[in-house]
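Q: Okay, so here is upload_23.pdb, and as you'll see once you scroll down, it has PDB, C-alpha atoms.
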```pdb
ATOM      1  CA  MET O   1      -9.679  15.147  30.430
ATOM      2  CA  ARG O   2      -6.987  12.497  30.537
ATOM      3  CA  ASN O   3      -4.649  12.105  27.601
ATOM      4  CA  LEU O   4      -4.261   8.796  25.803
ATOM      5  CA  ILE O   5      -0.657   7.813  25.136
ATOM      6  CA  ILE O   6       0.165   4.303  23.918
ATOM      7  CA  GLU O   7       3.730   3.300  23.104
ATOM      8  CA  PRO O   8       4.208   1.425  19.817
ATOM      9  CA  THR O   9       4.816  -2.324  19.676
ATOM     10  CA  SER O  10       5.761  -4.595  16.764
ATOM     11  CA  LYS O  11       2.027  -5.044  16.151
ATOM     12  CA  THR O  12       0.414  -1.802  17.234
ATOM     13  CA  PRO O  13       0.926   1.866  16.380
ATOM     14  CA  LYS O  14       1.989   4.731  18.572
ATOM     15  CA  ILE O  15      -0.958   6.717  19.852
ATOM     16  CA  ILE O  16      -0.666  10.278  21.116
ATOM     17  CA  LEU O  17      -3.963  11.910  21.942
ATOM     18  CA  ASN O  18      -3.010  14.927  23.985
ATOM     19  CA  ALA O  19      -5.663  17.622  24.196
ATOM     20  CA  ASP O  20      -3.488  19.776  26.498
ATOM     21  CA  VAL O  21      -0.897  20.441  23.779
ATOM     22  CA  ASN O  22      -3.345  19.884  20.901
ATOM     23  CA  VAL O  23      -1.479  16.897  19.422
ATOM     24  CA  PHE O  24      -3.429  13.982  17.959
ATOM     25  CA  GLU O  25      -1.360  11.325  16.202
ATOM     26  CA  ILE O  26      -1.502   7.674  15.229
ATOM     27  CA  SER O  27       1.696   6.348  13.653
ATOM     28  CA  GLY O  28       3.560   3.142  12.844
ATOM     29  CA  ARG O  29       2.337  -0.322  11.946
ATOM     30  CA  SER O  30      -1.016  -1.757  12.816
ATOM     31  CA  ILE O  31      -1.479  -5.521  12.728
ATOM     32  CA  PRO O  32      -3.007  -6.176  16.156
ATOM     33  CA  GLU O  33      -4.486  -9.530  17.046
ATOM     34  CA  ASP O  34      -7.632  -7.786  18.223
ATOM     35  CA  SER O  35      -7.993  -4.619  16.154
ATOM     36  CA  VAL O  36     -11.462  -3.834  17.487
ATOM     37  CA  GLY O  37     -10.256  -4.040  21.092
ATOM     38  CA  PHE O  38      -7.214  -1.906  20.365
ATOM     39  CA  TYR O  39      -9.067   0.879  18.542
ATOM     40  CA  ARG O  40     -11.903   0.799  21.087
ATOM     41  CA  LYS O  41      -9.629   2.828  23.390
ATOM     42  CA  VAL O  42      -9.133   5.455  20.678
ATOM     43  CA  ILE O  43     -12.832   5.643  19.844
ATOM     44  CA  ASP O  44     -13.812   5.923  23.519
ATOM     45  CA  TRP O  45     -11.279   8.708  23.938
ATOM     46  CA  ILE O  46     -12.658  10.618  20.930
ATOM     47  CA  ASP O  47     -16.212  10.189  22.230
ATOM     48  CA  ASP O  48     -15.133  11.741  25.485
ATOM     49  CA  TYR O  49     -13.085  14.483  23.773
ATOM     50  CA  SER O  50     -15.970  15.416  21.463
ATOM     51  CA  LYS O  51     -17.998  16.631  24.452
ATOM     52  CA  ASN O  52     -15.600  19.521  24.907
ATOM     53  CA  PRO O  53     -13.025  19.680  22.080
ATOM     54  CA  ASN O  54     -10.290  22.236  21.457
ATOM     55  CA  PRO O  55     -11.161  25.101  19.049
ATOM     56  CA  LYS O  56      -9.174  23.361  16.321
ATOM     57  CA  THR O  57      -8.262  19.672  16.040
ATOM     58  CA  ASN O  58      -5.824  18.283  13.490
ATOM     59  CA  PHE O  59      -5.687  14.508  13.601
ATOM     60  CA  LYS O  60      -2.525  13.131  12.016
ATOM     61  CA  PHE O  61      -2.153   9.582  10.693
ATOM     62  CA  GLN O  62       1.207   8.279   9.585
ATOM     63  CA  LEU O  63       1.039   4.545   9.111
ATOM     64  CA  GLU O  64       3.679   2.205   7.784
ATOM     65  CA  TYR O  65       1.356  -0.696   7.050
ATOM     66  CA  PHE O  66      -1.821  -2.143   8.472
ATOM     67  CA  ASN O  67      -4.055  -5.145   8.027
ATOM     68  CA  THR O  68      -7.600  -5.131   6.730
ATOM     69  CA  SER O  69      -9.206  -5.467  10.144
ATOM     70  CA  SER O  70      -7.350  -2.303  11.192
ATOM     71  CA  SER O  71      -8.638  -0.596   8.056
ATOM     72  CA  LYS O  72     -12.223  -1.097   9.271
ATOM     73  CA  CYS O  73     -11.300   0.294  12.678
ATOM     74  CA  LEU O  74      -9.601   3.322  11.142
ATOM     75  CA  LEU O  75     -12.795   4.043   9.245
ATOM     76  CA  ASP O  76     -14.674   3.974  12.565
ATOM     77  CA  VAL O  77     -12.181   6.494  13.979
ATOM     78  CA  PHE O  78     -12.660   8.730  10.900
ATOM     79  CA  ARG O  79     -16.445   8.441  11.224
ATOM     80  CA  ARG O  80     -16.239   9.774  14.775
ATOM     81  CA  LEU O  81     -14.180  12.738  13.588
ATOM     82  CA  GLU O  82     -16.571  13.295  10.682
ATOM     83  CA  LYS O  83     -19.461  13.410  13.132
ATOM     84  CA  MET O  84     -17.659  16.071  15.179
ATOM     85  CA  TYR O  85     -17.005  18.085  12.024
ATOM     86  CA  LYS O  86     -20.632  17.861  10.972
ATOM     87  CA  SER O  87     -21.777  19.071  14.334
ATOM     88  CA  GLY O  88     -19.799  22.269  13.787
ATOM     89  CA  HIS O  89     -16.359  21.621  15.252
ATOM     90  CA  GLN O  90     -13.191  22.521  13.392
ATOM     91  CA  ILE O  91     -11.697  19.143  12.519
ATOM     92  CA  GLU O  92      -8.997  18.236  10.005
ATOM     93  CA  ILE O  93      -7.467  14.893   9.145
ATOM     94  CA  THR O  94      -3.923  14.712   7.787
ATOM     95  CA  TRP O  95      -2.939  11.461   6.132
ATOM     96  CA  CYS O  96       0.848  11.270   5.816
ATOM     97  CA  TYR O  97       2.483   8.741   3.538
ATOM     98  CA  ASP O  98       6.033   7.941   2.577
ATOM     99  CA  ALA O  99       6.833   9.716  -0.714
ATOM    100  CA  ASP O 100       7.467   6.412  -2.505
ATOM    101  CA  ASP O 101       4.612   4.478  -0.919
ATOM    102  CA  GLU O 102       1.909   4.611  -3.566
ATOM    103  CA  ASP O 103      -0.208   2.037  -1.711
ATOM    104  CA  MET O 104      -0.464   4.185   1.393
ATOM    105  CA  LYS O 105      -1.350   7.150  -0.790
ATOM    106  CA  GLU O 106      -4.043   5.098  -2.533
ATOM    107  CA  THR O 107      -5.460   3.963   0.812
ATOM    108  CA  GLY O 108      -5.654   7.602   1.905
ATOM    109  CA  GLU O 109      -7.525   8.422  -1.293
ATOM    110  CA  ASP O 110      -9.979   5.602  -0.556
ATOM    111  CA  TYR O 111     -10.769   7.087   2.848
ATOM    112  CA  LYS O 112     -10.959  10.625   1.516
ATOM    113  CA  ALA O 113     -13.541   9.488  -1.060
ATOM    114  CA  LEU O 114     -15.691   7.937   1.651
ATOM    115  CA  LEU O 115     -15.650  10.818   4.125
ATOM    116  CA  GLU O 116     -17.162  14.262   4.404
ATOM    117  CA  VAL O 117     -14.497  15.913   6.507
ATOM    118  CA  PRO O 118     -11.403  17.954   5.496
ATOM    119  CA  PHE O 119      -8.875  15.243   4.612
ATOM    120  CA  ASP O 120      -5.362  16.194   3.487
ATOM    121  CA  LEU O 121      -2.944  13.788   1.866
ATOM    122  CA  VAL O 122       0.631  14.757   2.607
ATOM    123  CA  SER O 123       3.743  13.120   1.186
ATOM    124  CA  VAL O 124       6.581  13.059   3.696
TER     125      VAL O 124
ATOM    126  CA  MET A   1      30.806 -32.132   1.237
ATOM    127  CA  ILE A   2      28.387 -34.507  -0.397
ATOM    128  CA  LEU A   3      26.286 -36.693   1.817
ATOM    129  CA  ASN A   4      26.256 -40.354   1.078
ATOM    130  CA  ASN A   5      22.687 -41.557   1.394
ATOM    131  CA  ASN A   6      23.795 -45.111   2.019
ATOM    132  CA  ASP A   7      25.961 -44.206   4.933
ATOM    133  CA  SER A   8      23.272 -44.680   7.533
ATOM    134  CA  SER A   9      25.756 -44.927  10.373
ATOM    135  CA  ARG A  10      26.393 -41.190  10.180
ATOM    136  CA  ILE A  11      23.048 -39.602   9.427
ATOM    137  CA  SER A  12      19.785 -41.166  10.342
ATOM    138  CA  GLY A  13      16.187 -40.268  10.967
ATOM    139  CA  PRO A  14      14.886 -36.856   9.981
ATOM    140  CA  LEU A  15      18.357 -35.391   9.493
ATOM    141  CA  GLN A  16      18.750 -37.125   6.163
ATOM    142  CA  PHE A  17      16.142 -34.710   4.774
ATOM    143  CA  SER A  18      18.070 -31.566   5.541
ATOM    144  CA  TYR A  19      20.392 -31.729   2.545
ATOM    145  CA  PRO A  20      17.744 -32.488  -0.114
ATOM    146  CA  CYS A  21      15.527 -29.867   1.474
ATOM    147  CA  PHE A  22      18.345 -27.335   1.450
ATOM    148  CA  ILE A  23      19.132 -28.070  -2.213
ATOM    149  CA  ASP A  24      15.440 -27.747  -3.070
ATOM    150  CA  MET A  25      15.190 -24.393  -1.388
ATOM    151  CA  LEU A  26      18.397 -23.197  -2.976
ATOM    152  CA  SER A  27      17.534 -24.240  -6.511
ATOM    153  CA  ASN A  28      14.042 -22.735  -6.195
ATOM    154  CA  ASN A  29      15.359 -19.524  -4.643
ATOM    155  CA  LEU A  30      13.127 -19.945  -1.626
ATOM    156  CA  ILE A  31      14.160 -17.256   0.808
ATOM    157  CA  PHE A  32      11.634 -18.213   3.450
ATOM    158  CA  MET A  33       9.709 -21.301   4.370
ATOM    159  CA  TYR A  34       7.513 -22.108   7.350
ATOM    160  CA  ARG A  35       5.154 -24.895   8.219
ATOM    161  CA  GLY A  36       2.999 -24.855  11.306
ATOM    162  CA  VAL A  37       0.282 -22.985  13.086
ATOM    163  CA  VAL A  38      -0.064 -19.335  12.082
ATOM    164  CA  THR A  39      -0.763 -17.020  14.990
ATOM    165  CA  SER A  40      -0.662 -13.270  15.364
ATOM    166  CA  ASP A  41       2.720 -13.507  17.127
ATOM    167  CA  LEU A  42       4.083 -15.635  14.334
ATOM    168  CA  VAL A  43       3.127 -13.018  11.742
ATOM    169  CA  THR A  44       5.160 -10.434  13.659
ATOM    170  CA  HIS A  45       8.184 -12.755  13.815
ATOM    171  CA  VAL A  46       7.916 -13.648  10.138
ATOM    172  CA  LEU A  47       7.875  -9.968   9.206
ATOM    173  CA  GLN A  48      10.975  -9.375  11.308
ATOM    174  CA  ILE A  49      12.864 -12.191   9.602
ATOM    175  CA  MET A  50      11.602 -11.147   6.174
ATOM    176  CA  GLU A  51      12.836  -7.608   6.735
ATOM    177  CA  GLU A  52      16.371  -8.993   6.946
ATOM    178  CA  ARG A  53      15.949 -11.500   4.153
ATOM    179  CA  LEU A  54      14.620  -8.851   1.753
ATOM    180  CA  GLU A  55      17.441  -6.524   2.640
ATOM    181  CA  GLU A  56      19.963  -9.305   1.950
ATOM    182  CA  ASP A  57      18.185  -9.924  -1.331
ATOM    183  CA  LYS A  58      18.578  -6.222  -2.264
ATOM    184  CA  ALA A  59      14.866  -5.514  -2.414
ATOM    185  CA  SER A  60      13.979  -1.825  -2.470
ATOM    186  CA  LYS A  61      12.014  -0.289   0.388
ATOM    187  CA  LYS A  62       9.060   0.057  -1.964
ATOM    188  CA  THR A  63       9.131  -3.620  -2.905
ATOM    189  CA  SER A  64       9.627  -4.742   0.708
ATOM    190  CA  LYS A  65       6.585  -2.815   1.851
ATOM    191  CA  LYS A  66       4.448  -4.401  -0.832
ATOM    192  CA  VAL A  67       5.739  -7.871   0.057
ATOM    193  CA  PHE A  68       4.902  -7.174   3.735
ATOM    194  CA  ASN A  69       1.401  -6.059   2.921
ATOM    195  CA  VAL A  70       0.730  -9.038   0.705
ATOM    196  CA  MET A  71       2.204 -11.439   3.289
ATOM    197  CA  VAL A  72       0.087 -10.028   6.109
ATOM    198  CA  GLU A  73      -3.093 -10.578   4.100
ATOM    199  CA  CYS A  74      -2.025 -13.985   2.737
ATOM    200  CA  LEU A  75      -1.280 -15.123   6.298
ATOM    201  CA  ARG A  76      -4.605 -13.790   7.504
ATOM    202  CA  ASN A  77      -6.209 -16.372   5.251
ATOM    203  CA  VAL A  78      -4.433 -19.212   7.012
ATOM    204  CA  TYR A  79      -4.661 -17.595  10.401
ATOM    205  CA  SER A  80      -5.658 -19.983  13.089
ATOM    206  CA  ASP A  81      -8.236 -18.493  15.374
ATOM    207  CA  GLU A  82      -7.640 -20.149  18.705
ATOM    208  CA  MET A  83     -11.100 -19.164  19.876
ATOM    209  CA  SER A  84     -12.801 -21.015  17.081
ATOM    210  CA  GLN A  85     -14.100 -24.432  18.066
ATOM    211  CA  GLU A  86     -14.821 -25.547  14.539
ATOM    212  CA  ILE A  87     -11.241 -25.710  13.334
ATOM    213  CA  SER A  88      -9.562 -29.103  13.522
ATOM    214  CA  GLU A  89      -5.868 -29.614  14.178
ATOM    215  CA  LEU A  90      -5.272 -30.459  10.538
ATOM    216  CA  GLU A  91      -6.846 -27.203   9.421
ATOM    217  CA  SER A  92      -4.787 -25.058  11.769
ATOM    218  CA  THR A  93      -1.438 -25.950  10.224
ATOM    219  CA  ALA A  94      -0.298 -24.101   7.124
ATOM    220  CA  ILE A  95       2.687 -23.540   4.877
ATOM    221  CA  LEU A  96       4.218 -20.238   3.842
ATOM    222  CA  LEU A  97       6.801 -19.912   1.091
ATOM    223  CA  VAL A  98       8.524 -16.836  -0.295
ATOM    224  CA  LYS A  99      10.412 -17.218  -3.524
ATOM    225  CA  SER A 100      12.774 -14.661  -4.960
ATOM    226  CA  GLU A 101      12.479 -14.413  -8.735
ATOM    227  CA  GLU A 102      14.312 -12.187 -11.163
ATOM    228  CA  ASP A 103      11.403  -9.776 -11.545
ATOM    229  CA  GLY A 104       9.879 -10.041  -8.082
ATOM    230  CA  TYR A 105       8.712 -12.092  -5.138
ATOM    231  CA  LEU A 106       6.217 -14.891  -5.039
ATOM    232  CA  VAL A 107       4.347 -15.281  -1.763
ATOM    233  CA  SER A 108       2.496 -18.531  -1.382
ATOM    234  CA  THR A 109       0.414 -20.032   1.385
ATOM    235  CA  GLY A 110      -1.213 -23.427   1.628
ATOM    236  CA  ASN A 111      -3.682 -24.903   4.063
ATOM    237  CA  TYR A 112      -6.408 -27.502   4.475
ATOM    238  CA  LEU A 113     -10.036 -26.524   4.151
ATOM    239  CA  LYS A 114     -13.279 -28.410   4.523
ATOM    240  CA  ASN A 115     -14.559 -29.457   1.105
ATOM    241  CA  SER A 116     -17.743 -27.524   1.806
ATOM    242  CA  GLU A 117     -15.772 -24.245   1.936
ATOM    243  CA  VAL A 118     -14.212 -24.612  -1.501
ATOM    244  CA  GLU A 119     -17.001 -23.316  -3.716
ATOM    245  CA  MET A 120     -17.551 -20.081  -1.860
ATOM    246  CA  LEU A 121     -13.833 -19.330  -1.719
ATOM    247  CA  LYS A 122     -13.385 -20.106  -5.407
ATOM    248  CA  ASN A 123     -16.281 -17.809  -6.343
ATOM    249  CA  ARG A 124     -14.827 -15.050  -4.226
ATOM    250  CA  LEU A 125     -11.388 -15.363  -5.869
ATOM    251  CA  ASP A 126     -12.855 -15.573  -9.380
ATOM    252  CA  LYS A 127     -14.934 -12.473  -8.764
ATOM    253  CA  ILE A 128     -11.863 -10.528  -7.633
ATOM    254  CA  ASN A 129      -9.696 -11.859 -10.473
ATOM    255  CA  GLN A 130     -12.205 -10.617 -13.052
ATOM    256  CA  MET A 131     -11.962  -7.043 -11.823
ATOM    257  CA  ASP A 132      -9.601  -4.368 -13.089
ATOM    258  CA  GLY A 133      -7.983  -1.746 -10.839
ATOM    259  CA  GLU A 134     -10.929   0.637 -10.903
ATOM    260  CA  LYS A 135     -13.512  -2.063 -10.148
ATOM    261  CA  LEU A 136     -11.360  -3.413  -7.320
ATOM    262  CA  LYS A 137     -11.240   0.067  -5.840
ATOM    263  CA  VAL A 138     -15.035   0.429  -5.913
ATOM    264  CA  TYR A 139     -15.517  -3.066  -4.452
ATOM    265  CA  TYR A 140     -12.932  -2.359  -1.740
ATOM    266  CA  GLN A 141     -14.687   0.845  -0.700
ATOM    267  CA  GLU A 142     -18.036  -0.939  -0.750
ATOM    268  CA  LEU A 143     -16.850  -3.711   1.576
ATOM    269  CA  LEU A 144     -14.954  -1.277   3.790
ATOM    270  CA  THR A 145     -18.119   0.654   4.528
ATOM    271  CA  SER A 146     -20.517  -2.268   4.859
ATOM    272  CA  PRO A 147     -21.092  -3.753   8.299
ATOM    273  CA  ILE A 148     -19.451  -7.035   7.532
ATOM    274  CA  ALA A 149     -18.698 -10.200   9.363
ATOM    275  CA  GLU A 150     -15.587 -12.351   9.182
ATOM    276  CA  LYS A 151     -16.331 -13.540   5.619
ATOM    277  CA  GLY A 152     -16.366  -9.990   4.300
ATOM    278  CA  LEU A 153     -13.092  -9.249   6.019
ATOM    279  CA  SER A 154     -11.535 -12.162   4.184
ATOM    280  CA  SER A 155     -12.754 -10.714   0.854
ATOM    281  CA  LEU A 156     -11.350  -7.347   1.835
ATOM    282  CA  GLY A 157      -7.976  -9.007   2.426
ATOM    283  CA  MET A 158      -8.038 -10.649  -0.982
ATOM    284  CA  ILE A 159      -8.957  -7.418  -2.744
ATOM    285  CA  ASP A 160      -6.049  -5.849  -0.909
ATOM    286  CA  ILE A 161      -3.698  -8.551  -2.220
ATOM    287  CA  ALA A 162      -4.963  -8.016  -5.779
ATOM    288  CA  ARG A 163      -4.698  -4.240  -5.577
ATOM    289  CA  LYS A 164      -1.258  -4.128  -3.999
ATOM    290  CA  SER A 165       0.286  -6.836  -6.136
ATOM    291  CA  LYS A 166      -1.477  -5.518  -9.248
ATOM    292  CA  GLN A 167      -1.653  -9.128 -10.418
ATOM    293  CA  LYS A 168      -4.275 -11.827 -10.586
ATOM    294  CA  ILE A 169      -4.267 -14.077  -7.541
ATOM    295  CA  ALA A 170      -3.243 -17.607  -8.527
ATOM    296  CA  TYR A 171      -4.847 -20.446  -6.646
ATOM    297  CA  GLN A 172      -5.348 -24.179  -6.656
ATOM    298  CA  PHE A 173      -7.625 -26.600  -4.856
ATOM    299  CA  GLN A 174      -6.412 -30.172  -4.461
ATOM    300  CA  THR A 175      -8.956 -32.595  -3.078
ATOM    301  CA  VAL A 176      -7.323 -34.684  -0.371
ATOM    302  CA  ASN A 177     -10.178 -36.942   0.682
ATOM    303  CA  GLU A 178     -13.914 -36.836   1.224
ATOM    304  CA  PHE A 179     -13.496 -34.218   3.957
ATOM    305  CA  PHE A 180     -10.568 -32.007   3.087
ATOM    306  CA  THR A 181      -9.059 -29.991   0.245
ATOM    307  CA  PHE A 182      -5.620 -28.429   0.166
ATOM    308  CA  PHE A 183      -5.822 -24.791  -0.877
ATOM    309  CA  THR A 184      -2.805 -23.016  -2.340
ATOM    310  CA  LEU A 185      -2.759 -19.278  -2.908
ATOM    311  CA  GLU A 186      -0.041 -17.424  -4.754
ATOM    312  CA  ALA A 187       0.538 -13.693  -5.090
ATOM    313  CA  LYS A 188       3.350 -12.043  -6.981
ATOM    314  CA  VAL A 189       4.939  -8.732  -6.121
ATOM    315  CA  ILE A 190       6.861  -7.232  -9.020
ATOM    316  CA  ARG A 191      10.224  -5.714  -8.128
ATOM    317  CA  ARG A 192      10.264  -1.943  -8.359
TER     318      ARG A 192
END
```
As a first step, turn the structure in this file into structure tokens.

A:
Amino acid sequence: MRNLIIEPTSKTPKIILNADVNVFEISGRSIPEDSVGFYRKVIDWIDDYSKNPNPKTNFKFQLEYFNTSSSKCLLDVFRRLEKMYKSGHQIEITWCYDADDEDMKETGEDYKALLEVPFDLVSV
Amino acid sequence: MILNNNDSSRISGPLQFSYPCFIDMLSNNLIFMYRGVVTSDLVTHVLQIMEERLEEDKASKKTSKKVFNVMVECLRNVYSDEMSQEISELESTAILLVKSEEDGYLVSTGNYLKNSEVEMLKNRLDKINQMDGEKLKVYYQELLTSPIAEKGLSSLGMIDIARKSKQKIAYQFQTVNEFFTFFTLEAKVIRR
């Protein structure tokens, strides 16, 4: 399958979804004008990937800040991963936050509470 | 140099406002001020400028991040959706002020609303202001997971402001005429 690589902009995060090298990362800031449109690409990619995923998938999120419409979209991304996990695939989510960013930690805890998928909070 | 207001041969028209405006901003410690239409591009530019202003003002990284978050959500409230047909020209212009205070930063936005929108917005803010941290968390998670429309997203933004600022959201509605009300929202980020 084709990899999805999107370079970061002042409004959108960096996306690396590379099944060949088993790297799955979303990082940076996320305040896009059209969050749904932006994350649609990620969700479509996951839908495609879930048909034939790698033996182990660790999805890493390292966000600086994001708006509330992105927060809904991120939940949709997590839901897709949760679905894969529930259907028997080995899926892990790693939520990285800046050591002194308590808000980003709290947001990670919110997601963790809402999901049934291995979800690690890691201070970096 | 002190400007002589009577000396109209030197300064005329709008320029005569620059000095009083400057003094106002200086004495109120306003580090940022904008009036106009708020678009997605503008938000990005404002954040870029604010990054420098906060650094100049010796804000910590922690504080800056909180100010950014609060600003993004405050601006979302005055965001002008170019696709929307219902918004008049008057409603699409807003004001944004950031004031540096000894113990933190005050972010304030102001914009016109239709009088008919006031009650719902006031109820929403009052509901959020009555909640403590734990209740806000539960409400946030509830709205995050519910299939919500634009109105719910606006509530989500306000809960976010309340949670990140850890303060009540101050607001004011000033009736302008039989059609419009001016809505001011104020959120404080404590220096840390």

Q: So which residues fall inside 12 Å of (10.5, -6.9, -8.3) if we count all atoms listed in the file? Mind giving them as a PyMOL selection string?

A: chain A and resi 54+57-67+99-106+165+188-192

Q: At a cut-off of 12 Å, can you tabulate as CSV every residue of chain O near chain A together with its closest atom pair and the distance in Å to one decimal, using only C-alpha atoms and ordering rows by chain then number?

A:
```
residue,atom,partner,partner_atom,distance
O:Thr9,CA,A:Thr44,CA,10.1
O:Ser10,CA,A:Thr44,CA,6.6
O:Lys11,CA,A:Thr44,CA,6.7
O:Thr12,CA,A:Thr44,CA,10.5
O:Arg29,CA,A:Thr44,CA,10.6
O:Ser30,CA,A:Thr44,CA,10.7
O:Ile31,CA,A:Val72,CA,8.2
O:Pro32,CA,A:Ser40,CA,7.5
O:Glu33,CA,A:Ser40,CA,5.6
O:Asp34,CA,A:Ser40,CA,9.3
O:Ser35,CA,A:Ser40,CA,11.4
O:Leu63,CA,A:Lys65,CA,11.7
O:Glu64,CA,A:Lys65,CA,8.3
O:Tyr65,CA,A:Asn69,CA,6.8
O:Phe66,CA,A:Asn69,CA,7.5
O:Asn67,CA,A:Val72,CA,6.7
O:Thr68,CA,A:Gly157,CA,5.8
O:Ser69,CA,A:Leu153,CA,6.8
O:Ser70,CA,A:Leu153,CA,10.4
O:Ser71,CA,A:Leu144,CA,7.7
O:Lys72,CA,A:Leu144,CA,6.1
O:Cys73,CA,A:Leu144,CA,9.7
O:Leu74,CA,A:Leu144,CA,10.2
O:Leu75,CA,A:Thr145,CA,7.9
O:Asp76,CA,A:Thr145,CA,9.4
O:Phe78,CA,A:Thr145,CA,11.6
O:Arg79,CA,A:Thr145,CA,10.4
O:Asp98,CA,A:Lys62,CA,9.6
O:Ala99,CA,A:Lys62,CA,10.0
O:Asp100,CA,A:Lys62,CA,6.6
O:Asp101,CA,A:Lys62,CA,6.4
O:Glu102,CA,A:Lys62,CA,8.6
O:Asp103,CA,A:Lys164,CA,6.7
O:Met104,CA,A:Lys164,CA,9.9
O:Lys105,CA,A:Lys164,CA,11.7
O:Glu106,CA,A:Lys137,CA,9.4
O:Thr107,CA,A:Lys137,CA,9.6
O:Gly108,CA,A:Gln141,CA,11.6
O:Glu109,CA,A:Lys137,CA,10.2
O:Asp110,CA,A:Gln141,CA,6.7
O:Tyr111,CA,A:Gln141,CA,8.2
O:Lys112,CA,A:Gln141,CA,10.7
O:Ala113,CA,A:Gln141,CA,8.7
O:Leu114,CA,A:Gln141,CA,7.5
O:Leu115,CA,A:Thr145,CA,10.5
```

Q: Applied to the shown file, which residues does the PyMOL selection byres ((chain A and resi 30-38) around 8) return, written as a list in words?

A: Met25, Leu26, Ser27, Asn28, Asn29, Thr39, Ser40, Leu42, Val43, Met50, Arg53, Leu75, Val78, Tyr79, Ser80, Ser92, Thr93, Ala94, Ile95, Leu96, Leu97, Val98, Lys99 and Ser100 of chain A

Q: On this structure, the PyMOL selection byres ((chain O and resi 3) around 9) would catch which residues? List them as JSON, numbers by chain, sorted by chain and number.

A: {"O": [1, 2, 4, 5, 16, 17, 18, 19, 20, 45]}

Q: Quick check, in Å to one decimal: how far apart do atom CA of O:Ile26 and atom CA of O:Thr57 lie?

A: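 Separation of atom CA of O:Ile26 and atom CA of O:Thr57: 13.8 Å.
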
Q: List as a ChimeraX atom specification the protein and nucleic acid residues near O:Lys56, meaning an atom at most 10 Å away when all atoms listed in the file are counted, but skip any in the same chain fewer than 3 places from it.

A: /O:22,53,59,89-92

Q: What separation in Å, quoted to one decimal, exists between atom CA of A:Leu121 and atom CA of A:Phe182?

A: 12.4 Å

Q: Taking only C-alpha atoms into account, name the residue in A:Met131, A:Cys21, A:Val176, A:Ala187 that is nearest to A:Asn111.

A: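 Using only C-alpha atoms, A:Asn111 sits closest to A:Val176.
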
Q: Convert the output of the PyMOL selection byres ((chain A and resi 113-115) around 6) on the shown file into explicit residues, formatted as a PyMOL selection string.

A: chain A and resi 112+116-118+179-181

Q: In Å, rounded to a single decimal, give me how far atom CA of O:Pro118 is from atom CA of O:Asp47.

A: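 Atom-to-atom, atom CA of O:Asp47 and atom CA of O:Pro118 are spaced 19.1 Å apart.
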
Q: Show me, as a PDB file with C-alpha atoms, in the frame of the given file, the residues that have an atom within 6 Å of O:Cys96 when counting all atoms listed in the file, minus same-chain residues fewer than 2 positions from it.

A:
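File written: part_27.pdb
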```pdb
ATOM      1  CA  PHE O  61      -2.153   9.582  10.693  1.00  0.00           C
ATOM      2  CA  GLN O  62       1.207   8.279   9.585  1.00  0.00           C
ATOM      3  CA  VAL O 122       0.631  14.757   2.607  1.00  0.00           C
ATOM      4  CA  SER O 123       3.743  13.120   1.186  1.00  0.00           C
TER       5      SER O 123
END
```

Q: Please write out, as JSON, where the centre of an axis-aligned box around all listed atoms of stretch 19-34 of chain A lies and how long its edges are, in Å to one decimal, after adding 3 Å on each side.

A:
```
{"center_x": 14.0, "center_y": -24.9, "center_z": 0.4, "size_x": 18.9, "size_y": 21.2, "size_z": 19.9}
```

Q: Give as a count of residues only every residue, naming chains and numbers as the document does, that has an atom within 9 Å of (-11.4, -13.4, -5.0), counting only C-alpha atoms.

A: 15

Q: For O:Phe38, which of O:Tyr85, O:Pro8, O:Val21, O:Asn52 is the closest residue, counting all atoms listed in the file?

A: O:Pro8
